[in-house]
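Colleague: Contents of target-v9.csv (CSV, N, CA and C atoms) are given next:
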```
chain,number,residue,atom,x,y,z
A,284,ALA,N,0.8,-1.2,0.0
A,284,ALA,CA,0.0,0.0,0.0
A,284,ALA,C,0.9,1.3,0.0
A,285,MET,N,2.0,1.2,0.6
A,285,MET,CA,2.9,2.3,0.7
A,285,MET,C,3.3,2.9,-0.7
A,286,SER,N,3.5,2.0,-1.6
A,286,SER,CA,4.0,2.4,-3.0
A,286,SER,C,2.9,3.1,-3.7
A,287,LEU,N,1.6,2.9,-3.3
A,287,LEU,CA,0.5,3.6,-4.0
A,287,LEU,C,0.4,5.1,-3.6
A,288,GLY,N,1.0,5.5,-2.5
A,288,GLY,CA,1.0,6.9,-2.1
A,288,GLY,C,1.5,7.8,-3.2
A,289,CYS,N,2.5,7.3,-3.9
A,289,CYS,CA,3.1,8.0,-5.0
A,289,CYS,C,2.2,8.3,-6.2
A,290,GLU,N,1.1,7.5,-6.2
A,290,GLU,CA,0.1,7.6,-7.3
A,290,GLU,C,-1.0,8.5,-6.9
A,291,GLY,N,-0.9,9.1,-5.7
A,291,GLY,CA,-1.9,10.1,-5.3
A,291,GLY,C,-3.1,9.5,-4.6
A,292,LEU,N,-3.1,8.2,-4.3
A,292,LEU,CA,-4.2,7.6,-3.6
A,292,LEU,C,-4.2,7.9,-2.1
A,293,THR,N,-5.4,8.0,-1.5
A,293,THR,CA,-5.5,8.2,-0.1
A,293,THR,C,-5.0,6.9,0.6
A,294,ILE,N,-4.6,7.0,1.9
A,294,ILE,CA,-4.2,5.9,2.6
A,294,ILE,C,-5.3,4.8,2.7
A,295,ARG,N,-6.5,5.2,2.8
A,295,ARG,CA,-7.6,4.3,2.9
A,295,ARG,C,-7.8,3.5,1.6
A,296,GLU,N,-7.7,4.2,0.4
A,296,GLU,CA,-7.9,3.6,-0.9
A,296,GLU,C,-6.6,2.7,-1.2
A,297,ALA,N,-5.4,3.1,-0.8
A,297,ALA,CA,-4.2,2.3,-1.0
A,297,ALA,C,-4.3,1.0,-0.2
A,298,LYS,N,-4.8,1.1,1.0
A,298,LYS,CA,-4.9,-0.1,1.8
A,298,LYS,C,-6.0,-1.0,1.3
A,299,ARG,N,-7.1,-0.4,0.8
A,299,ARG,CA,-8.1,-1.3,0.3
A,299,ARG,C,-7.6,-2.0,-1.0
A,300,ARG,N,-6.9,-1.3,-1.8
A,300,ARG,CA,-6.4,-1.9,-3.1
A,300,ARG,C,-5.4,-3.0,-2.7
A,301,ALA,N,-4.5,-2.7,-1.8
A,301,ALA,CA,-3.5,-3.7,-1.4
A,301,ALA,C,-4.1,-4.9,-0.8
A,302,LEU,N,-5.1,-4.8,0.1
A,302,LEU,CA,-5.7,-6.0,0.7
A,302,LEU,C,-6.5,-6.8,-0.4
A,303,ALA,N,-7.1,-6.1,-1.3
A,303,ALA,CA,-7.8,-6.8,-2.4
A,303,ALA,C,-6.9,-7.5,-3.3
A,304,THR,N,-5.7,-7.0,-3.6
A,304,THR,CA,-4.7,-7.6,-4.4
A,304,THR,C,-4.1,-8.8,-3.7
A,305,LEU,N,-3.9,-8.7,-2.4
A,305,LEU,CA,-3.4,-9.8,-1.6
A,305,LEU,C,-4.4,-11.0,-1.6
A,306,ASP,N,-5.7,-10.6,-1.5
A,306,ASP,CA,-6.7,-11.6,-1.5
A,306,ASP,C,-6.8,-12.3,-2.9
A,307,ALA,N,-6.6,-11.5,-3.9
A,307,ALA,CA,-6.7,-12.1,-5.3
A,307,ALA,C,-5.6,-13.1,-5.5
A,308,VAL,N,-4.4,-12.9,-4.9
A,308,VAL,CA,-3.3,-13.9,-5.1
A,308,VAL,C,-3.3,-15.0,-4.0
A,309,GLY,N,-4.2,-15.0,-3.1
A,309,GLY,CA,-4.4,-16.0,-2.2
A,309,GLY,C,-3.7,-15.8,-0.8
A,310,VAL,N,-3.4,-14.6,-0.5
A,310,VAL,CA,-2.9,-14.2,0.8
A,310,VAL,C,-3.9,-13.5,1.6
A,311,SER,N,-4.3,-14.0,2.8
A,311,SER,CA,-5.3,-13.4,3.6
A,311,SER,C,-4.9,-12.2,4.2
A,312,ALA,N,-5.8,-11.4,4.7
A,312,ALA,CA,-5.5,-10.2,5.5
A,312,ALA,C,-4.6,-10.5,6.7
A,313,VAL,N,-4.8,-11.7,7.3
A,313,VAL,CA,-4.0,-12.1,8.4
A,313,VAL,C,-2.6,-12.2,8.0
A,314,GLY,N,-2.4,-12.8,6.9
A,314,GLY,CA,-1.0,-12.9,6.3
A,314,GLY,C,-0.4,-11.6,6.0
A,315,ALA,N,-1.2,-10.6,5.7
A,315,ALA,CA,-0.7,-9.3,5.3
A,315,ALA,C,-0.1,-8.6,6.5
A,316,ALA,N,-0.6,-8.9,7.7
A,316,ALA,CA,-0.1,-8.3,8.9
A,316,ALA,C,1.2,-9.0,9.4
A,317,GLN,N,1.6,-10.1,8.9
A,317,GLN,CA,2.8,-10.8,9.3
A,317,GLN,C,4.0,-10.3,8.6
A,318,SER,N,5.2,-10.5,9.2
A,318,SER,CA,6.4,-10.2,8.5
A,318,SER,C,6.6,-11.2,7.4
A,319,THR,N,7.2,-10.9,6.3
A,319,THR,CA,7.4,-11.9,5.3
A,319,THR,C,8.3,-13.0,5.7
A,320,ALA,N,9.2,-12.7,6.7
A,320,ALA,CA,10.1,-13.8,7.2
A,320,ALA,C,9.3,-14.9,7.8
A,321,SER,N,8.1,-14.7,8.3
A,321,SER,CA,7.3,-15.7,9.0
A,321,SER,C,6.4,-16.5,8.0
A,322,LEU,N,6.4,-16.1,6.8
A,322,LEU,CA,5.6,-16.7,5.8
A,322,LEU,C,6.3,-17.9,5.1
A,323,SER,N,5.6,-18.8,4.5
A,323,SER,CA,6.1,-19.9,3.8
A,323,SER,C,6.7,-19.4,2.4
A,324,ALA,N,7.5,-20.2,1.7
A,324,ALA,CA,8.0,-19.7,0.5
A,324,ALA,C,6.9,-19.4,-0.5
A,325,GLU,N,5.9,-20.2,-0.5
A,325,GLU,CA,4.8,-19.9,-1.5
A,325,GLU,C,4.1,-18.6,-1.1
A,326,GLN,N,3.8,-18.4,0.2
A,326,GLN,CA,3.2,-17.2,0.6
A,326,GLN,C,4.0,-15.9,0.3
A,327,ARG,N,5.4,-16.1,0.5
A,327,ARG,CA,6.3,-14.9,0.2
A,327,ARG,C,6.2,-14.6,-1.3
A,328,ALA,N,6.2,-15.7,-2.1
A,328,ALA,CA,6.1,-15.4,-3.6
A,328,ALA,C,4.8,-14.8,-3.9
A,329,ARG,N,3.7,-15.1,-3.3
A,329,ARG,CA,2.4,-14.5,-3.5
A,329,ARG,C,2.4,-13.0,-3.1
A,330,VAL,N,3.0,-12.7,-2.0
A,330,VAL,CA,3.2,-11.3,-1.5
A,330,VAL,C,4.0,-10.5,-2.6
A,331,MET,N,5.0,-11.1,-3.1
A,331,MET,CA,5.8,-10.4,-4.1
A,331,MET,C,5.0,-10.2,-5.4
A,332,LEU,N,4.2,-11.2,-5.7
A,332,LEU,CA,3.3,-11.0,-6.9
A,332,LEU,C,2.3,-9.9,-6.6
A,333,ALA,N,1.7,-9.9,-5.4
A,333,ALA,CA,0.8,-8.8,-5.1
A,333,ALA,C,1.4,-7.4,-5.2
A,334,ARG,N,2.7,-7.3,-4.7
A,334,ARG,CA,3.4,-6.0,-4.8
A,334,ARG,C,3.5,-5.6,-6.2
A,335,ALA,N,3.8,-6.6,-7.1
A,335,ALA,CA,3.9,-6.2,-8.5
A,335,ALA,C,2.6,-5.9,-9.2
A,336,LEU,N,1.5,-6.5,-8.7
A,336,LEU,CA,0.2,-6.2,-9.3
A,336,LEU,C,-0.6,-5.0,-8.7
A,337,VAL,N,-0.2,-4.6,-7.5
A,337,VAL,CA,-1.0,-3.6,-6.9
A,337,VAL,C,-1.0,-2.2,-7.6
A,338,GLY,N,0.1,-2.0,-8.4
A,338,GLY,CA,0.1,-0.8,-9.2
A,338,GLY,C,-0.6,-0.8,-10.5
A,339,GLU,N,-1.3,-2.0,-10.7
A,339,GLU,CA,-2.0,-2.2,-11.9
A,339,GLU,C,-1.2,-2.0,-13.2
A,340,PRO,N,-0.2,-2.8,-13.4
A,340,PRO,CA,0.7,-2.7,-14.6
A,340,PRO,C,-0.1,-3.3,-15.8
A,341,ARG,N,0.4,-2.9,-17.0
A,341,ARG,CA,-0.2,-3.5,-18.2
A,341,ARG,C,0.7,-4.6,-18.7
A,342,LEU,N,1.9,-4.7,-18.2
A,342,LEU,CA,2.8,-5.8,-18.5
A,342,LEU,C,3.5,-6.3,-17.3
A,343,LEU,N,3.6,-7.6,-17.1
A,343,LEU,CA,4.3,-8.2,-16.0
A,343,LEU,C,5.4,-9.1,-16.5
A,344,LEU,N,6.6,-8.8,-16.2
A,344,LEU,CA,7.8,-9.6,-16.6
A,344,LEU,C,8.2,-10.5,-15.4
A,345,VAL,N,8.3,-11.8,-15.6
A,345,VAL,CA,8.7,-12.7,-14.5
A,345,VAL,C,9.8,-13.6,-14.9
A,346,ASP,N,10.9,-13.5,-14.2
A,346,ASP,CA,12.1,-14.4,-14.5
A,346,ASP,C,12.1,-15.5,-13.5
A,347,GLU,N,12.0,-16.7,-14.0
A,347,GLU,CA,12.0,-18.0,-13.2
A,347,GLU,C,11.0,-17.8,-12.0
A,348,PRO,N,9.7,-18.0,-12.3
A,348,PRO,CA,8.7,-17.8,-11.2
A,348,PRO,C,8.9,-18.7,-10.0
A,349,ALA,N,9.2,-18.0,-8.9
A,349,ALA,CA,9.1,-18.5,-7.6
A,349,ALA,C,9.6,-20.0,-7.4
A,350,PRO,N,10.9,-20.2,-7.1
A,350,PRO,CA,11.3,-21.5,-6.7
A,350,PRO,C,10.6,-22.0,-5.5
A,351,MET,N,10.0,-23.1,-5.5
A,351,MET,CA,9.2,-23.6,-4.4
A,351,MET,C,9.7,-24.9,-3.9
A,352,PRO,N,9.5,-25.3,-2.7
A,352,PRO,CA,10.0,-26.5,-2.1
A,352,PRO,C,9.3,-27.8,-2.8
A,353,SER,N,8.1,-27.6,-3.3
A,353,SER,CA,7.5,-28.8,-3.9
A,353,SER,C,6.9,-28.4,-5.3
A,354,LEU,N,6.7,-29.4,-6.1
A,354,LEU,CA,6.1,-29.1,-7.5
A,354,LEU,C,4.7,-28.7,-7.3
A,355,GLU,N,4.0,-29.2,-6.3
A,355,GLU,CA,2.6,-28.8,-6.1
A,355,GLU,C,2.5,-27.3,-5.7
A,356,ASP,N,3.3,-26.8,-4.8
A,356,ASP,CA,3.3,-25.4,-4.5
A,356,ASP,C,3.6,-24.6,-5.8
A,357,HIS,N,4.6,-25.0,-6.5
A,357,HIS,CA,5.0,-24.3,-7.7
A,357,HIS,C,3.9,-24.2,-8.7
A,358,GLY,N,3.2,-25.4,-8.9
A,358,GLY,CA,2.1,-25.4,-9.8
A,358,GLY,C,0.9,-24.5,-9.4
A,359,ARG,N,0.6,-24.5,-8.1
A,359,ARG,CA,-0.4,-23.6,-7.6
A,359,ARG,C,-0.1,-22.1,-7.8
A,360,PHE,N,1.2,-21.8,-7.6
A,360,PHE,CA,1.6,-20.4,-7.8
A,360,PHE,C,1.6,-20.0,-9.2
A,361,CYS,N,2.0,-20.8,-10.1
A,361,CYS,CA,2.0,-20.5,-11.6
A,361,CYS,C,0.6,-20.4,-12.1
A,362,ALA,N,-0.3,-21.3,-11.5
A,362,ALA,CA,-1.8,-21.2,-11.9
A,362,ALA,C,-2.3,-19.8,-11.4
A,363,THR,N,-2.0,-19.4,-10.2
A,363,THR,CA,-2.4,-18.1,-9.7
A,363,THR,C,-1.9,-17.0,-10.6
A,364,LEU,N,-0.6,-17.0,-10.9
A,364,LEU,CA,0.0,-16.0,-11.8
A,364,LEU,C,-0.7,-15.9,-13.1
A,365,ARG,N,-1.0,-17.0,-13.7
A,365,ARG,CA,-1.8,-17.0,-15.0
A,365,ARG,C,-3.2,-16.4,-14.8
A,366,ARG,N,-3.9,-16.9,-13.8
A,366,ARG,CA,-5.2,-16.5,-13.5
A,366,ARG,C,-5.4,-15.0,-13.3
A,367,VAL,N,-4.6,-14.4,-12.4
A,367,VAL,CA,-4.7,-13.0,-12.0
A,367,VAL,C,-4.3,-12.1,-13.2
A,368,THR,N,-3.3,-12.5,-14.0
A,368,THR,CA,-2.9,-11.6,-15.1
A,368,THR,C,-4.0,-11.7,-16.2
A,369,ARG,N,-4.6,-12.9,-16.4
A,369,ARG,CA,-5.7,-13.0,-17.4
A,369,ARG,C,-6.9,-12.2,-16.9
A,370,GLU,N,-7.3,-12.3,-15.6
A,370,GLU,CA,-8.5,-11.6,-15.1
A,370,GLU,C,-8.3,-10.1,-15.2
A,371,ARG,N,-7.1,-9.6,-15.0
A,371,ARG,CA,-6.8,-8.2,-15.0
A,371,ARG,C,-6.4,-7.6,-16.3
A,372,GLY,N,-6.3,-8.5,-17.3
A,372,GLY,CA,-5.9,-8.0,-18.7
A,372,GLY,C,-4.5,-7.6,-18.8
A,373,ILE,N,-3.6,-8.2,-18.0
A,373,ILE,CA,-2.2,-7.9,-18.0
A,373,ILE,C,-1.4,-8.8,-18.9
A,374,ALA,N,-0.6,-8.2,-19.7
A,374,ALA,CA,0.3,-9.1,-20.6
A,374,ALA,C,1.3,-9.7,-19.7
A,375,LEU,N,1.6,-11.0,-19.9
A,375,LEU,CA,2.5,-11.7,-19.0
A,375,LEU,C,3.7,-12.3,-19.8
A,376,LEU,N,4.9,-12.0,-19.5
A,376,LEU,CA,6.1,-12.6,-20.1
A,376,LEU,C,6.9,-13.3,-19.0
A,377,ILE,N,7.0,-14.6,-19.2
A,377,ILE,CA,7.8,-15.4,-18.3
A,377,ILE,C,9.0,-16.0,-18.9
A,378,ALA,N,10.1,-15.7,-18.3
A,378,ALA,CA,11.4,-16.3,-18.7
A,378,ALA,C,11.7,-17.5,-17.8
A,379,SER,N,11.7,-18.7,-18.3
A,379,SER,CA,11.9,-19.9,-17.5
A,379,SER,C,12.5,-21.0,-18.3
A,380,GLU,N,13.2,-21.9,-17.6
A,380,GLU,CA,13.7,-23.1,-18.3
A,380,GLU,C,12.7,-24.2,-18.0
A,381,ASP,N,11.8,-24.0,-17.1
A,381,ASP,CA,10.8,-25.0,-16.7
A,381,ASP,C,9.6,-24.9,-17.5
A,382,MET,N,9.3,-25.8,-18.4
A,382,MET,CA,8.2,-25.7,-19.3
A,382,MET,C,6.9,-25.9,-18.5
A,383,ARG,N,6.9,-26.5,-17.4
A,383,ARG,CA,5.6,-26.6,-16.6
A,383,ARG,C,5.2,-25.2,-16.2
A,384,ALA,N,6.1,-24.3,-15.9
A,384,ALA,CA,5.7,-22.9,-15.5
A,384,ALA,C,5.0,-22.2,-16.6
A,385,LEU,N,5.3,-22.6,-17.9
A,385,LEU,CA,4.7,-21.9,-19.0
A,385,LEU,C,3.4,-22.5,-19.5
A,386,GLY,N,3.0,-23.7,-19.0
A,386,GLY,CA,1.8,-24.4,-19.4
A,386,GLY,C,0.6,-23.5,-19.3
A,387,GLY,N,-0.2,-23.5,-20.4
A,387,GLY,CA,-1.4,-22.7,-20.4
A,387,GLY,C,-1.3,-21.3,-20.8
A,388,LEU,N,-0.1,-20.9,-21.2
A,388,LEU,CA,0.2,-19.5,-21.7
A,388,LEU,C,0.0,-19.5,-23.2
A,389,GLY,N,-0.1,-18.3,-23.7
A,389,GLY,CA,-0.4,-18.1,-25.1
A,389,GLY,C,0.6,-18.7,-26.1
A,390,GLU,N,1.8,-18.2,-26.2
A,390,GLU,CA,2.7,-18.7,-27.2
A,390,GLU,C,4.1,-18.9,-26.6
A,391,PRO,N,4.5,-20.1,-26.3
A,391,PRO,CA,5.9,-20.3,-25.8
A,391,PRO,C,6.9,-20.2,-26.9
A,392,MET,N,8.1,-19.6,-26.5
A,392,MET,CA,9.2,-19.5,-27.5
A,392,MET,C,10.4,-19.9,-26.8
A,393,SER,N,11.3,-20.5,-27.5
A,393,SER,CA,12.6,-20.9,-27.0
A,393,SER,C,13.7,-20.1,-27.6
A,394,LEU,N,14.5,-19.4,-26.8
A,394,LEU,CA,15.5,-18.5,-27.2
A,394,LEU,C,16.9,-19.0,-26.6
A,395,SER,N,17.9,-18.8,-27.4
A,395,SER,CA,19.3,-19.1,-26.9
A,395,SER,C,20.2,-18.2,-27.6
A,396,ALA,N,21.1,-17.5,-26.8
A,396,ALA,CA,22.1,-16.6,-27.4
A,396,ALA,C,21.5,-15.6,-28.4
A,397,GLY,N,20.3,-15.1,-28.1
A,397,GLY,CA,19.7,-14.1,-29.0
A,397,GLY,C,19.0,-14.7,-30.2
A,398,GLU,N,18.9,-16.0,-30.3
A,398,GLU,CA,18.3,-16.6,-31.5
A,398,GLU,C,17.0,-17.3,-31.0
A,399,LEU,N,16.0,-17.1,-31.8
A,399,LEU,CA,14.7,-17.8,-31.6
A,399,LEU,C,14.8,-19.2,-32.2
A,400,LEU,N,14.8,-20.2,-31.3
A,400,LEU,CA,15.0,-21.5,-31.7
A,400,LEU,C,13.7,-22.2,-32.1
A,401,SER,N,12.7,-21.9,-31.4
A,401,SER,CA,11.4,-22.5,-31.7
A,401,SER,C,10.3,-21.7,-31.1
A,402,THR,N,9.1,-21.9,-31.6
A,402,THR,CA,7.9,-21.2,-31.1
A,402,THR,C,6.8,-22.2,-31.1
A,403,GLY,N,5.7,-21.9,-30.4
A,403,GLY,CA,4.7,-22.9,-30.2
A,403,GLY,C,3.3,-22.3,-30.2
A,404,ASP,N,2.3,-23.1,-29.9
A,404,ASP,CA,1.0,-22.7,-29.9
A,404,ASP,C,0.5,-22.6,-28.4
A,405,ASP,N,-0.8,-22.3,-28.2
A,405,ASP,CA,-1.3,-22.2,-26.9
A,405,ASP,C,-1.4,-23.5,-26.1
A,406,ARG,N,-1.1,-24.6,-26.7
A,406,ARG,CA,-1.0,-25.9,-26.0
A,406,ARG,C,0.4,-26.1,-25.5
A,407,GLY,N,1.3,-25.3,-25.8
A,407,GLY,CA,2.7,-25.4,-25.4
A,407,GLY,C,3.5,-26.3,-26.3
A,408,THR,N,3.0,-26.6,-27.5
A,408,THR,CA,3.7,-27.5,-28.5
A,408,THR,C,4.8,-26.6,-29.1
A,409,LEU,N,6.0,-26.9,-29.0
A,409,LEU,CA,7.1,-26.2,-29.7
A,409,LEU,C,7.3,-26.7,-31.1
A,410,VAL,N,7.5,-25.7,-32.0
A,410,VAL,CA,7.8,-26.0,-33.4
A,410,VAL,C,9.2,-25.5,-33.7
A,411,GLN,N,10.1,-26.3,-34.1
A,411,GLN,CA,11.4,-25.9,-34.5
A,411,GLN,C,11.4,-25.0,-35.7
A,412,GLY,N,12.3,-24.1,-35.8
A,412,GLY,CA,12.4,-23.2,-37.0
A,412,GLY,C,13.7,-22.6,-37.1
A,413,PRO,N,14.0,-22.0,-38.2
A,413,PRO,CA,15.3,-21.3,-38.5
A,413,PRO,C,15.2,-19.8,-38.2
A,414,TRP,N,14.4,-19.4,-37.2
A,414,TRP,CA,14.3,-18.0,-37.0
A,414,TRP,C,15.5,-17.4,-36.3
A,415,ARG,N,15.7,-16.1,-36.5
A,415,ARG,CA,16.7,-15.4,-35.8
A,415,ARG,C,16.1,-14.1,-35.2
A,416,ALA,N,16.4,-13.8,-34.0
A,416,ALA,CA,15.9,-12.6,-33.4
A,416,ALA,C,16.7,-11.5,-34.0
A,417,ALA,N,16.1,-10.4,-34.3
A,417,ALA,CA,16.8,-9.2,-34.8
A,417,ALA,C,16.4,-8.0,-34.1
A,418,ALA,N,17.3,-7.1,-33.8
A,418,ALA,CA,17.0,-5.8,-33.2
A,418,ALA,C,16.3,-5.0,-34.2
A,419,SER,N,15.3,-4.3,-33.8
A,419,SER,CA,14.6,-3.4,-34.7
A,419,SER,C,14.3,-2.1,-34.0
A,420,GLY,N,14.2,-1.1,-34.8
A,420,GLY,CA,14.0,0.3,-34.3
A,420,GLY,C,12.5,0.5,-34.3
A,421,PRO,N,12.1,1.8,-34.0
A,421,PRO,CA,10.7,2.1,-34.0
A,421,PRO,C,10.0,1.8,-35.3
A,422,ALA,N,8.8,1.3,-35.2
A,422,ALA,CA,8.0,1.1,-36.4
A,422,ALA,C,7.4,2.3,-37.0
```
Take the structure in the file and give it back as structure tokens.

Modeller:
Amino acid sequence: AMSLGCEGLTIREAKRRALATLDAVGVSAVGAAQSTASLSAEQRARVMLARALVGEPRLLLVDEPAPMPSLEDHGRFCATLRRVTRERGIALLIASEDMRALGGLGEPMSLSAGELLSTGDDRGTLVQGPWRAAASGPA
């Protein structure tokens, strides 16, 4: 909520938005009152996600989404990430070596050393190709 003060929101509105965002990512108001050190790895990741979402971005960039102690925790977090960005109309770009984190997203792409190695469809099927990424200027 503190970061929203820079956007000109009242303390009451900033707190309301912050609590609603925490609720949307699966952290209760009780969890909001705790220090992040006392939260589980999954809860900390959800708080970090809420921090990123509370400012209502149009694009969210995520690098290796939340390493979790279990695949089940990781799966739940990635599902939440996909759900909240879809519900809020936020473009989501995930950089990950873990294809499970990318499941259910629009178009997976495989990049290496600046080269586009493969691209896929919304089912996550990768198609190999001879593409090269190229720097481009303004259109």

Colleague: Go through A:Ala301, A:Ala324, A:Ala307, A:Leu399 and flag the residue nearest Met351 in chain A, using only N, CA and C atoms for the distances.

Modeller: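 Comparing A:Ala301, A:Ala324, A:Ala307, A:Leu399 against Met351 in chain A, the winner is A:Ala324.
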
Colleague: Write down as a list in words the residues of range 307-396 of chain A whose backbone DSSP state falls under strand (DSSP E).

Modeller: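 DSSP-assigned strand (DSSP E) residues in range 307-396 of chain A: Leu342, Leu343, Leu344, Val345, Asp346, Ala374, Leu375, Leu376, Ile377, Ala378, Met392, Ser393, Leu394 and Ser395 of chain A.
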
Colleague: Which residue is closest to Val310 in chain A? Choose from A:Arg371, A:Pro348, A:Thr363, A:Thr293 and count only C-alpha atoms.

Modeller: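 Using only C-alpha atoms, the shortest distance to Val310 in chain A belongs to A:Thr363.
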
Colleague: Interatomic distance between CA of Leu305 in chain A and CA of Leu364 in chain A?

Modeller: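 That distance, rounded to one decimal, is 12.4 Å.
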
Colleague: Which of these residues is nearest to Ala328 in chain A, using all atoms listed in the file: A:Arg295, A:Ile377, A:Phe360, A:Leu400?

Modeller: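 Counting all atoms listed in the file, the residue closest to Ala328 in chain A is A:Phe360.
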
Colleague: With only C-alpha atoms as the basis for distance, which of A:Glu380, A:Glu370, A:Glu390, A:Glu398 is at the shortest distance from Glu339 in chain A?

Modeller: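 Result for the nearest residue to Glu339 in chain A: A:Glu370.
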
Colleague: Report, in Å with one decimal, the straight-line distance from CA of Leu376 in chain A to CA of Leu343 in chain A.

Modeller: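 These two atoms are separated by 6.3 Å.
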
Colleague: Which distance in Å separates CA of Lys298 in chain A and atom N of Ala284 in chain A, to one decimal?

Modeller: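 It comes out at 6.1 Å.
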
Colleague: Find, counting only C-alpha atoms, the residue in A:Ser318, A:Gly338, A:Ala333, A:Thr368 that gets nearest to Gly291 in chain A.

Modeller: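 Selected residue with least distance to Gly291 in chain A: A:Gly338.
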
Colleague: I'd like to know which of A:Glu325, A:Ser311, A:Arg334, A:Leu375 is closest to Pro352 in chain A, using all atoms listed in the file.

Modeller: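 When distances to Pro352 in chain A are compared using all atoms listed in the file, the smallest one comes from A:Glu325.
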
Colleague: Using only C-alpha atoms, determine which residues lie at most 12 Å from Arg366 in chain A, disregarding the query and same-chain residues fewer than 6 positions distant; provide the list as a PyMOL selection string.

Modeller: chain A and resi 307-309+359-360+372-375+387-388
